[in-house]
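First comes the structure, then the notes that go with it.
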Amino acid sequence: MSAQQNYQHLLILEDDKGRKEFPLEDSLYSIGRDQKCDIRLCSQFVSRRHATLMRRVREDGTHYYRIVDGNLKGKSSANGLLINGRKLHSQQAHDLEDKDEIVFGPQVSAVYYLLKRETVPTGPPDEFDITLISPGMIDDPDEFSSWH
């Protein structure tokens, strides 16, 4: 199992329509007001194609997401992005890290989370994982039924 499979990428968005969660699994996401965007922002203060998320791979094989202002054809958003309170300039990119806050416009923001998944063992059960039963529970059915 690769190290990447133990992580989940999540974007939690808040806009005029409330709060939405987007588990990130695809390699590319368009973000904006346009109905054709993968992640739609509901606000008159954001561009139709406000930003783009791209999944990238590090040398160690783990994935991360990079956010770019505007689209990948060079067209920037009208108002830009704020990442953790700092202005991201036109067509600049930012490699997202856990709990990065992205502001697209007034009352339109998102937080990126890199969550560690809980691993569930898929092998045989532990030979020492046993349940002890008191002998009295078998002889007295009333005691056994009260145990459940």
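Lettering and numbering for the structure tokens are positional, with chains as A, B, ... in the shown order, residues counted from 1 in each chain, and ligands counted from 1 in the shown order.
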(message) Applying 7 Å and only C-alpha atoms, which residues near A:His9 remain after dropping the ones on its own chain fewer than 6 positions away? List them as a count of residues only.
(response) 5
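Proximity of A:Asp16, A:Asp98, A:Asp26, A:Asp69 to A:Met54, computed with only C-alpha atoms, is greatest for A:Asp26.
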(request) Can you work out which one of A:Lys116, A:Arg55, A:Lys36, A:Lys73 has the shortest atom-to-atom distance to A:Asp95, counting only C-alpha atoms? (result) A:Arg55
(request) Select, from A:Lys87, A:Arg66, A:Lys99, A:Arg40, the residue with the minimum atom-to-atom distance to A:Lys17, counting only C-alpha atoms. (result)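 Closest to A:Lys17, using only C-alpha atoms: A:Arg40.
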(request) Go ahead and compute the interatomic distance for atom CA of A:Arg117 and atom CA of A:Ile31, in Å to one decimal. (result) 25.6 Å
(request) Between A:Cys42, A:His50, A:Leu28, A:Cys37, single out the one closest to A:Asn71, counting only C-alpha atoms. (result) A:His50
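Using only C-alpha atoms, the smallest distance between any of A:Gly61, A:Leu11, A:Leu41, A:Asn6 and A:Glu101 comes from A:Leu11.
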(request) Measure the distance from atom CA of A:Arg49 to atom CA of A:Ser76 in Å and round it to one decimal. (result) 8.2 Å
(message) Using Å and a single decimal, report how far atom CA of A:Gly74 sits from atom CA of A:Gln8.
(response)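 Rounded to one decimal, the two atoms are 29.2 Å apart.
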(request) Considering only C-alpha atoms, state which residue in the set A:Leu72, A:Arg56, A:Tyr64, A:Leu96 is at the smallest distance from A:Ser30. (result) A:Leu72
(request) Fewer than 5 positions away in the same chain doesn't count, so skip those; otherwise give me all residues within 10 Å of A:Arg19, counting only C-alpha atoms, as a PyMOL selection string. (result) chain A and resi 12-14+108-110
(request) Can you pull out every residue within 6 Å of A:Ser47, counting only C-alpha atoms, but drop anything in the same chain fewer than 3 positions away, and send it as a PyMOL selection string? (result) chain A and resi 32-33+50+77
Once you have the residues from the selection above, write them out as an mmCIF file, in the first residue's frame, restricted to N, CA and C atoms.
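Wrote it out as selection.cif, contents follow:
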```
data_model
loop_
_atom_site.group_PDB
_atom_site.id
_atom_site.type_symbol
_atom_site.label_atom_id
_atom_site.label_comp_id
_atom_site.auth_asym_id
_atom_site.auth_seq_id
_atom_site.Cartn_x
_atom_site.Cartn_y
_atom_site.Cartn_z
ATOM 1 N N GLY A 32 -15.396 28.302 -9.891
ATOM 2 C CA GLY A 32 -15.911 29.615 -10.258
ATOM 3 C C GLY A 32 -17.415 29.661 -10.274
ATOM 4 N N ARG A 33 -17.924 30.781 -10.787
ATOM 5 C CA ARG A 33 -19.358 31.045 -10.807
ATOM 6 C C ARG A 33 -20.064 30.332 -11.962
ATOM 7 N N HIS A 50 -12.780 31.327 -11.758
ATOM 8 C CA HIS A 50 -11.983 32.048 -10.770
ATOM 9 C C HIS A 50 -10.626 31.397 -10.489
ATOM 10 N N SER A 77 -8.535 35.688 -12.695
ATOM 11 C CA SER A 77 -9.813 36.128 -12.136
ATOM 12 C C SER A 77 -9.776 37.643 -11.959
#
```
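Proximity to stretch 78-85 of chain A at 9 Å, evaluated using only C-alpha atoms and with sequence-adjacent residues fewer than 5 positions away removed, yields Phe45, Val46, Ser47, His50, Ala51, Val68, Asp69, Gly70, Ser90, Gln91, His94, Asp100, Glu101, Ile102, Val103, Phe104 and Gly105 of chain A.
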Dump all heavy atoms for the selected residues as a tab-separated table (two decimals), in the first residue's frame?
```tsv
chain	number	residue	atom	x	y	z
A	45	PHE	N	-19.54	38.13	-6.59
A	45	PHE	CA	-18.22	38.74	-6.44
A	45	PHE	C	-17.07	37.88	-6.95
A	45	PHE	O	-15.92	38.25	-6.80
A	45	PHE	CB	-17.97	39.11	-4.98
A	45	PHE	CG	-18.95	40.11	-4.44
A	45	PHE	CD1	-19.93	39.71	-3.55
A	45	PHE	CD2	-18.93	41.43	-4.86
A	45	PHE	CE1	-20.85	40.63	-3.05
A	45	PHE	CE2	-19.84	42.35	-4.38
A	45	PHE	CZ	-20.80	41.95	-3.47
A	46	VAL	N	-17.37	36.73	-7.52
A	46	VAL	CA	-16.30	35.86	-8.03
A	46	VAL	C	-16.42	35.74	-9.54
A	46	VAL	O	-17.48	35.94	-10.12
A	46	VAL	CB	-16.33	34.45	-7.38
A	46	VAL	CG1	-16.13	34.55	-5.87
A	46	VAL	CG2	-17.60	33.71	-7.70
A	47	SER	N	-15.31	35.40	-10.17
A	47	SER	CA	-15.26	35.28	-11.63
A	47	SER	C	-15.91	33.97	-12.07
A	47	SER	O	-16.01	33.02	-11.30
A	47	SER	CB	-13.81	35.30	-12.11
A	47	SER	OG	-13.22	36.54	-11.80
A	50	HIS	N	-12.78	31.33	-11.76
A	50	HIS	CA	-11.98	32.05	-10.77
A	50	HIS	C	-10.63	31.40	-10.49
A	50	HIS	O	-9.62	32.08	-10.31
A	50	HIS	CB	-12.78	32.18	-9.46
A	50	HIS	CG	-12.30	33.31	-8.61
A	50	HIS	ND1	-12.91	34.54	-8.62
A	50	HIS	CD2	-11.26	33.41	-7.76
A	50	HIS	CE1	-12.28	35.35	-7.79
A	50	HIS	NE2	-11.27	34.68	-7.26
A	51	ALA	N	-10.59	30.07	-10.42
A	51	ALA	CA	-9.33	29.38	-10.08
A	51	ALA	C	-9.36	27.96	-10.63
A	51	ALA	O	-10.40	27.45	-11.05
A	51	ALA	CB	-9.14	29.35	-8.56
A	68	VAL	N	-4.27	27.63	-8.87
A	68	VAL	CA	-3.82	28.67	-9.78
A	68	VAL	C	-4.95	29.68	-9.92
A	68	VAL	O	-6.11	29.30	-10.08
A	68	VAL	CB	-3.48	28.07	-11.17
A	68	VAL	CG1	-3.07	29.16	-12.14
A	68	VAL	CG2	-2.40	27.02	-11.04
A	69	ASP	N	-4.60	30.97	-9.88
A	69	ASP	CA	-5.59	32.02	-10.10
A	69	ASP	C	-6.02	31.99	-11.56
A	69	ASP	O	-5.18	31.99	-12.46
A	69	ASP	CB	-4.99	33.38	-9.74
A	69	ASP	CG	-5.96	34.53	-9.99
A	69	ASP	OD1	-7.16	34.37	-9.71
A	69	ASP	OD2	-5.51	35.58	-10.48
A	70	GLY	N	-7.32	31.93	-11.80
A	70	GLY	CA	-7.84	31.94	-13.16
A	70	GLY	C	-7.86	30.56	-13.78
A	70	GLY	O	-7.87	29.54	-13.08
A	90	SER	N	-1.81	37.53	-10.07
A	90	SER	CA	-2.33	36.98	-11.31
A	90	SER	C	-1.47	35.85	-11.85
A	90	SER	O	-0.26	36.00	-12.01
A	90	SER	CB	-2.41	38.12	-12.32
A	90	SER	OG	-2.66	37.63	-13.60
A	91	GLN	N	-2.13	34.71	-12.15
A	91	GLN	CA	-1.52	33.51	-12.72
A	91	GLN	C	-0.43	32.89	-11.85
A	91	GLN	O	0.31	32.04	-12.31
A	91	GLN	CB	-1.00	33.78	-14.13
A	91	GLN	CG	-2.10	33.82	-15.16
A	91	GLN	CD	-2.88	32.52	-15.23
A	91	GLN	OE1	-2.34	31.46	-15.49
A	91	GLN	NE2	-4.17	32.60	-14.97
A	94	HIS	N	-0.10	28.28	-5.96
A	94	HIS	CA	0.23	27.99	-4.56
A	94	HIS	C	0.01	26.50	-4.33
A	94	HIS	O	-1.06	25.98	-4.65
A	94	HIS	CB	-0.64	28.82	-3.62
A	94	HIS	CG	-0.46	28.47	-2.18
A	94	HIS	ND1	0.59	28.94	-1.43
A	94	HIS	CD2	-1.20	27.69	-1.36
A	94	HIS	CE1	0.49	28.45	-0.20
A	94	HIS	NE2	-0.59	27.69	-0.13
A	100	ASP	N	-4.89	25.28	4.78
A	100	ASP	CA	-4.76	26.54	4.04
A	100	ASP	C	-6.15	27.12	3.80
A	100	ASP	O	-7.09	26.40	3.44
A	100	ASP	CB	-4.09	26.31	2.68
A	100	ASP	CG	-2.57	26.34	2.75
A	100	ASP	OD1	-2.02	26.64	3.84
A	100	ASP	OD2	-1.93	26.06	1.72
A	101	GLU	N	-6.28	28.43	4.02
A	101	GLU	CA	-7.55	29.12	3.78
A	101	GLU	C	-7.45	29.90	2.48
A	101	GLU	O	-6.50	30.65	2.27
A	101	GLU	CB	-7.91	30.06	4.92
A	101	GLU	CG	-9.26	30.71	4.69
A	101	GLU	CD	-9.66	31.68	5.80
A	101	GLU	OE1	-8.84	31.98	6.67
A	101	GLU	OE2	-10.82	32.14	5.75
A	102	ILE	N	-8.44	29.72	1.62
A	102	ILE	CA	-8.49	30.38	0.32
A	102	ILE	C	-9.71	31.30	0.31
A	102	ILE	O	-10.82	30.84	0.58
A	102	ILE	CB	-8.64	29.35	-0.82
A	102	ILE	CG1	-7.55	28.29	-0.72
A	102	ILE	CG2	-8.62	30.04	-2.18
A	102	ILE	CD1	-7.94	26.95	-1.28
A	103	VAL	N	-9.50	32.58	0.02
A	103	VAL	CA	-10.61	33.53	-0.08
A	103	VAL	C	-10.75	33.92	-1.54
A	103	VAL	O	-9.80	34.41	-2.16
A	103	VAL	CB	-10.37	34.77	0.82
A	103	VAL	CG1	-11.49	35.78	0.63
A	103	VAL	CG2	-10.27	34.36	2.28
A	104	PHE	N	-11.95	33.68	-2.09
A	104	PHE	CA	-12.24	33.99	-3.49
A	104	PHE	C	-12.88	35.36	-3.63
A	104	PHE	O	-12.79	35.99	-4.68
A	104	PHE	CB	-13.18	32.94	-4.08
A	104	PHE	CG	-12.61	31.55	-4.07
A	104	PHE	CD1	-12.90	30.68	-3.02
A	104	PHE	CD2	-11.77	31.11	-5.07
A	104	PHE	CE1	-12.38	29.39	-3.00
A	104	PHE	CE2	-11.24	29.83	-5.06
A	104	PHE	CZ	-11.54	28.97	-4.02
A	105	GLY	N	-13.56	35.82	-2.58
A	105	GLY	CA	-14.26	37.09	-2.59
A	105	GLY	C	-14.96	37.28	-1.27
A	105	GLY	O	-14.86	36.43	-0.38
```
